[in-house]
Each structure stands twice: as C-alpha cells, then as structure tokens.
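A short write-up of the structure that comes next.
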Amino acid sequence: MQSSSWRNMIARRSTIIGAMTLLAAGAIAVTRQQQNLGFSDTPMLPGNKWHVHDGTRPMPKVIEPGTASTQDVAGKAPSDAVVLFDGKDSSHWINDKGEPCPWTIADGAMTVKPGAGYVHTKDEFGDCQLHVEWSSPVPAAGSSQGRGNSGVFLFGKYEIQVLDCYQNPTYADGHAAAVYGQYPPLVNASRKPGDWQTYDILWTAPKFKNGEVDTPAYVTVLHNGVAVHNHVKVLGPMAYRQFPKYVPHGPKGPIALQDHGNRVRFRNIWIRELKDYD
Ligand code: MG
C-alpha cells in the first residue's frame, strides 16, 4: 500500500474516533441533564465559583440524620456529630483546673454538683449546631433566678440561660433560653421540672480585627423545638447587670455548662461544626 493511502486511512480513523468521542461526551452531558445532575451553560452565581445548577459542584456529603428524643429515651445524634455526652461518658468534659469532670454521672445524665464549678469541653469549636438536653430539679425549690439555674456557654462566654421557668416569674432577659442579659426568648416554651427539655442552637462565632469586633456573633435557638431567637446579633459575652463588651478571642472556643448551685441534669449533648459551602 502506498504511504498516501496509509495517511488517508489513519486520518479517516482519527476522524471516526474523534466523532465517537464527541458523541460519547455529548451522550454523557445529555444523560446528566436528563437526570437533572447539572449544567455547564448556565450563569455564574455572584461572588461564587459555581454556575447555577453547576454539574461539577460537589454533591453534599451523605449522613445519617439521627432520631429525636422522647422523655424516656434520648435520641441519636446525626452520624457526623461529635457526641459530647452520651449519658455515660463524661471524658469530653473538664473543670476550670483541667481536671476530669467532677459532676455526677448516673442514670444516663450528667448532674451539676453544687460548688464543683463549671465544666467545659476539652475541644474547641467555631460556628456550630449544638444540641443540649436538660432537666430542672424535682421538687422545684427556690424562686426566680434561684430555681433550676444553669447555662450553656458558647466559647465559655456567651450564655444561653438554663432556668426552671415553669410557673416561675423572673426578669425577661433571664428566662430559660434567653441570651442572658440581652434578649428574652420570643416565647416561654418551658416544660415542667423533671421533664427533659431541648436546646438546638445555631451559632455563628464573632470575628475580630485590629483588637475590635469586626462581625459580632449571631445565634438562633430552638427551645423544645420552638424558635425563640432567629439569627439575633449577640452584643457580647454574658454580663450580670452590665452592658456586655466584646474582648477579642480566637476563632474557636469550648462549650461550658454552668454550676449555679442547682442540681440541673444534662443528657444527649452533641455538636456539629458548620463550615462554608463548597
Ligand atoms: Mg445561668
């Protein structure tokens, strides 16, 4: 065969292979579009590296969503949560001296030991979803801020109040689920003493620049499934009878639980750090 014939045959084969490749790529694109798996010819999202319906954008990670609690049985955390207390293991918690958790661990709960001090997590967290369950002492004793007082502290500083607010009048911004000293809950969704209550807290940490607050913290809180704060701007750390003032700190901090002298019980505590979108 002459060399020109070889060249013609190779050229014809290349053309066929090229056409087949294009057809296959086209078929994949059509299949992705038919399956609603995204597009490549749509507008860019503003301030973003992705197109609308971008077919190359990473799929969300698949997790197991967990289960809700009942009064008798603590629910299961989502599979990607860090379980901070499962009813038995208090090893995530230490006191202010760095010693093992001194609170009482029994009957599936971690109970405040009056006088033993706050406990906080060894690990630190930034923006997060925090789930906490708590129960006020039975029988109810004391009044106002003296009845079933404890607290959940983000970064060990910003308090979501824990208080027995079932038929227990107190000042508004000291109620259960208040951003203490700043915002009362939108409603009082308290259950009676002895019942398990839930907090689901969505926390956006404050950011600092040049020794000043650059963006404040924001918090959303559900008390027993009821929204009681909706992305409210946190004015600063917990302060008693004072206006709060931010003091610069790092991007992560511990979760702390308050010893206010009342035997409040805790169970089923878990946390998920929240990251930016891909
Ligand atoms: Mg408190």
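Following the order of the structure tokens, chains are lettered A, B, ..., residues in each are numbered from 1, and ligands are numbered from 1.
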Write out as a PyMOL selection string the residues lying within 7 Å of segment 192-195 of chain A, counting only C-alpha atoms and excluding same-chain residues fewer than 2 positions away. chain A and resi 71+135-138+140+164+166+190+197
Nearby residues (only C-alpha atoms) at most 9 Å from Ala77 of chain A, same-chain spacing under 2 positions excluded, as a list in words: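 Answer for this query is Glu64, Pro65, Gly66, Thr67, Ala68, Gly75, Ser79, Asp80, Ala81, Val82, Val83, His131, Asn268, Ile269, Trp270 and Ile271 of chain A.
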Could you write those residues out with N, CA and C atoms, as a short mmCIF file (atom, residue, chain, number, x, y, z; two decimals), in the first residue's frame?
data_model
loop_
_atom_site.label_atom_id
_atom_site.label_comp_id
_atom_site.auth_asym_id
_atom_site.auth_seq_id
_atom_site.Cartn_x
_atom_site.Cartn_y
_atom_site.Cartn_z
N GLU A 64 -26.27 10.06 58.22
CA GLU A 64 -27.49 9.53 58.85
C GLU A 64 -28.04 10.63 59.75
N PRO A 65 -29.30 11.01 59.64
CA PRO A 65 -29.78 12.19 60.36
C PRO A 65 -30.07 12.01 61.85
N GLY A 66 -30.01 10.84 62.41
CA GLY A 66 -30.28 10.67 63.84
C GLY A 66 -31.77 10.61 64.13
N THR A 67 -32.10 10.57 65.42
CA THR A 67 -33.51 10.47 65.83
C THR A 67 -33.81 11.46 66.96
N ALA A 68 -35.07 11.84 67.07
CA ALA A 68 -35.49 12.75 68.14
C ALA A 68 -35.58 12.00 69.47
N GLY A 75 -32.48 10.64 72.15
CA GLY A 75 -32.38 10.39 70.71
C GLY A 75 -30.94 10.11 70.30
N SER A 79 -24.99 11.28 62.24
CA SER A 79 -23.75 10.49 62.16
C SER A 79 -22.49 11.33 62.07
N ASP A 80 -22.61 12.60 61.66
CA ASP A 80 -21.41 13.44 61.55
C ASP A 80 -21.22 14.35 62.76
N ALA A 81 -22.01 14.14 63.83
CA ALA A 81 -21.87 14.97 65.03
C ALA A 81 -20.75 14.44 65.93
N VAL A 82 -20.18 15.35 66.72
CA VAL A 82 -19.30 14.94 67.82
C VAL A 82 -20.21 14.80 69.04
N VAL A 83 -20.28 13.59 69.58
CA VAL A 83 -21.13 13.37 70.75
C VAL A 83 -20.34 13.78 71.99
N HIS A 131 -26.66 20.69 70.17
CA HIS A 131 -27.88 20.12 70.75
C HIS A 131 -27.60 19.77 72.21
N ASN A 268 -27.55 13.75 76.38
CA ASN A 268 -27.59 13.83 74.90
C ASN A 268 -27.10 15.18 74.37
N ILE A 269 -25.81 15.42 74.55
CA ILE A 269 -25.20 16.67 74.08
C ILE A 269 -24.34 16.34 72.87
N TRP A 270 -24.62 16.99 71.77
CA TRP A 270 -23.79 16.77 70.57
C TRP A 270 -23.63 18.06 69.78
N ILE A 271 -22.59 18.07 68.95
CA ILE A 271 -22.26 19.29 68.23
C ILE A 271 -21.80 18.96 66.82
#
All residues 7 Å or closer to Pro248 of chain A, only C-alpha atoms, same chain fewer than 5 positions away omitted, as a PDB file with N, CA and C atoms, in the first residue's frame:
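So the final result, stored in result.pdb, reads:
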ATOM      1  N   PHE A 208     -12.833  39.110  64.869  1.00  0.00           N
ATOM      2  CA  PHE A 208     -12.164  40.309  65.380  1.00  0.00           C
ATOM      3  C   PHE A 208     -11.091  40.770  64.402  1.00  0.00           C
ATOM      4  N   GLY A 211      -7.963  44.231  67.132  1.00  0.00           N
ATOM      5  CA  GLY A 211      -8.368  44.349  68.534  1.00  0.00           C
ATOM      6  C   GLY A 211      -9.817  44.756  68.743  1.00  0.00           C
ATOM      7  N   GLU A 212     -10.590  44.835  67.663  1.00  0.00           N
ATOM      8  CA  GLU A 212     -12.002  45.219  67.770  1.00  0.00           C
ATOM      9  C   GLU A 212     -12.863  44.125  67.158  1.00  0.00           C
ATOM     10  N   VAL A 213     -14.150  44.121  67.568  1.00  0.00           N
ATOM     11  CA  VAL A 213     -15.049  43.166  66.932  1.00  0.00           C
ATOM     12  C   VAL A 213     -15.302  43.628  65.493  1.00  0.00           C
TER      13      VAL A 213
END
Given the choices A:Glu124, A:Asp86, A:Asp276, A:Asp54, which gets closest to Ala256 of chain A if the distance is worked out from only C-alpha atoms?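 Of A:Glu124, A:Asp86, A:Asp276, A:Asp54, the one nearest Ala256 of chain A is A:Glu124, counting only C-alpha atoms.
Compared by their closest atoms to Thr198 of chain A, and using only C-alpha atoms, the residues A:Val112, A:Val232, A:Ala74, A:Ala141 rank with A:Ala74 nearest.
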From a backbone DSSP assignment, name each residue in segment 56-239 of chain A labelled strand (DSSP E or B), as number ranges by chain. A: 82-85, 93-95, 100, 104-106, 109-111, 119-121, 125, 128-135, 150-154, 158-162, 179, 183, 197-204, 207-209, 212-215, 218-223, 226-233
Can you check which parts of chain A lie within 9 Å of ligand 1? Per residue, the shortest pair of atoms and distance in Å to one decimal, counting only C-alpha atoms and all ligand atoms, sorted by chain and number, as a tab-separated table.
residue	atom	partner	partner_atom_place_in_ligand_line	distance
A:Gln145	CA	ligand 1	1 (Mg)	7.9
A:Gly148	CA	ligand 1	1 (Mg)	8.8
A:Asn149	CA	ligand 1	1 (Mg)	5.1
A:Ser150	CA	ligand 1	1 (Mg)	4.1
A:Gly151	CA	ligand 1	1 (Mg)	4.2
A:Val152	CA	ligand 1	1 (Mg)	7.7
A:Glu159	CA	ligand 1	1 (Mg)	7.2
A:Ile160	CA	ligand 1	1 (Mg)	7.6
A:Gln161	CA	ligand 1	1 (Mg)	4.8
A:Val162	CA	ligand 1	1 (Mg)	5.5
A:Leu163	CA	ligand 1	1 (Mg)	6.8
A:Gly174	CA	ligand 1	1 (Mg)	7.9
A:Ala176	CA	ligand 1	1 (Mg)	8.5
A:Tyr180	CA	ligand 1	1 (Mg)	7.6
A:Leu257	CA	ligand 1	1 (Mg)	8.8
A:Gln258	CA	ligand 1	1 (Mg)	6.3
A:Asp259	CA	ligand 1	1 (Mg)	8.0
A:His260	CA	ligand 1	1 (Mg)	6.5
Expected answer as a list in words: alpha helix (DSSP H) residues in segment 21-91 of chain A: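 Checking each residue of segment 21-91 of chain A, the alpha helix (DSSP H) ones are Thr21, Leu22, Leu23, Ala24, Ala25, Gly26, Ala27, Ile28, Ala29, Val30, Thr31, Arg32, Gln33 and Gln34 of chain A.
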Which polymer residues have any atom within 12 Å of an atom of segment 96-100 of chain A, counting only C-alpha atoms, with same-chain residues fewer than 5 positions away left out, as an MDAnalysis selection string? chainID A and resid 89:91 105 116:123 156 254 256:259
Print the selection's residues with N, CA and C atoms to a file, as an mmCIF file, in the first residue's frame.
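Heads up, here's the output in out_27.cif:
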data_model
loop_
_atom_site.group_PDB
_atom_site.id
_atom_site.type_symbol
_atom_site.label_atom_id
_atom_site.label_comp_id
_atom_site.auth_asym_id
_atom_site.auth_seq_id
_atom_site.Cartn_x
_atom_site.Cartn_y
_atom_site.Cartn_z
ATOM 1 N N ASP A 89 -20.434 8.651 79.274
ATOM 2 C CA ASP A 89 -19.026 9.013 79.130
ATOM 3 C C ASP A 89 -18.848 10.534 79.264
ATOM 4 N N SER A 90 -18.211 10.974 80.334
ATOM 5 C CA SER A 90 -18.007 12.414 80.546
ATOM 6 C C SER A 90 -16.587 12.848 80.177
ATOM 7 N N SER A 91 -15.887 12.003 79.409
ATOM 8 C CA SER A 91 -14.461 12.274 79.159
ATOM 9 C C SER A 91 -14.217 13.512 78.291
ATOM 10 N N ILE A 105 -22.299 11.545 87.392
ATOM 11 C CA ILE A 105 -22.738 10.824 86.199
ATOM 12 C C ILE A 105 -23.524 9.600 86.666
ATOM 13 N N ALA A 116 -18.889 22.489 92.728
ATOM 14 C CA ALA A 116 -17.790 21.860 91.985
ATOM 15 C C ALA A 116 -17.319 22.733 90.811
ATOM 16 N N GLY A 117 -18.121 23.745 90.458
ATOM 17 C CA GLY A 117 -17.710 24.665 89.404
ATOM 18 C C GLY A 117 -18.221 24.282 88.020
ATOM 19 N N TYR A 118 -17.988 25.185 87.093
ATOM 20 C CA TYR A 118 -18.386 24.959 85.695
ATOM 21 C C TYR A 118 -17.612 23.765 85.139
ATOM 22 N N VAL A 119 -18.172 23.131 84.116
ATOM 23 C CA VAL A 119 -17.403 22.172 83.314
ATOM 24 C C VAL A 119 -17.397 22.682 81.876
ATOM 25 N N HIS A 120 -16.343 22.356 81.174
ATOM 26 C CA HIS A 120 -16.284 22.754 79.764
ATOM 27 C C HIS A 120 -15.613 21.676 78.937
ATOM 28 N N THR A 121 -15.821 21.746 77.634
ATOM 29 C CA THR A 121 -15.271 20.719 76.752
ATOM 30 C C THR A 121 -13.759 20.913 76.608
ATOM 31 N N LYS A 122 -13.063 19.780 76.440
ATOM 32 C CA LYS A 122 -11.630 19.860 76.141
ATOM 33 C C LYS A 122 -11.435 20.442 74.749
ATOM 34 N N ASP A 123 -12.313 20.054 73.844
ATOM 35 C CA ASP A 123 -12.192 20.506 72.458
ATOM 36 C C ASP A 123 -12.838 21.871 72.285
ATOM 37 N N GLY A 156 -17.420 29.387 76.092
ATOM 38 C CA GLY A 156 -17.271 29.580 77.534
ATOM 39 C C GLY A 156 -17.648 30.978 77.988
ATOM 40 N N PRO A 254 -14.410 26.609 73.799
ATOM 41 C CA PRO A 254 -15.095 25.442 74.365
ATOM 42 C C PRO A 254 -16.580 25.710 74.594
ATOM 43 N N ALA A 256 -19.276 25.398 77.545
ATOM 44 C CA ALA A 256 -19.246 25.272 79.004
ATOM 45 C C ALA A 256 -20.673 25.134 79.539
ATOM 46 N N LEU A 257 -20.794 24.449 80.669
ATOM 47 C CA LEU A 257 -22.065 24.319 81.386
ATOM 48 C C LEU A 257 -21.868 24.899 82.774
ATOM 49 N N GLN A 258 -22.883 25.626 83.247
ATOM 50 C CA GLN A 258 -22.730 26.418 84.466
ATOM 51 C C GLN A 258 -23.145 25.661 85.722
ATOM 52 N N ASP A 259 -22.318 25.810 86.752
ATOM 53 C CA ASP A 259 -22.722 25.429 88.117
ATOM 54 C C ASP A 259 -23.234 26.692 88.790
#
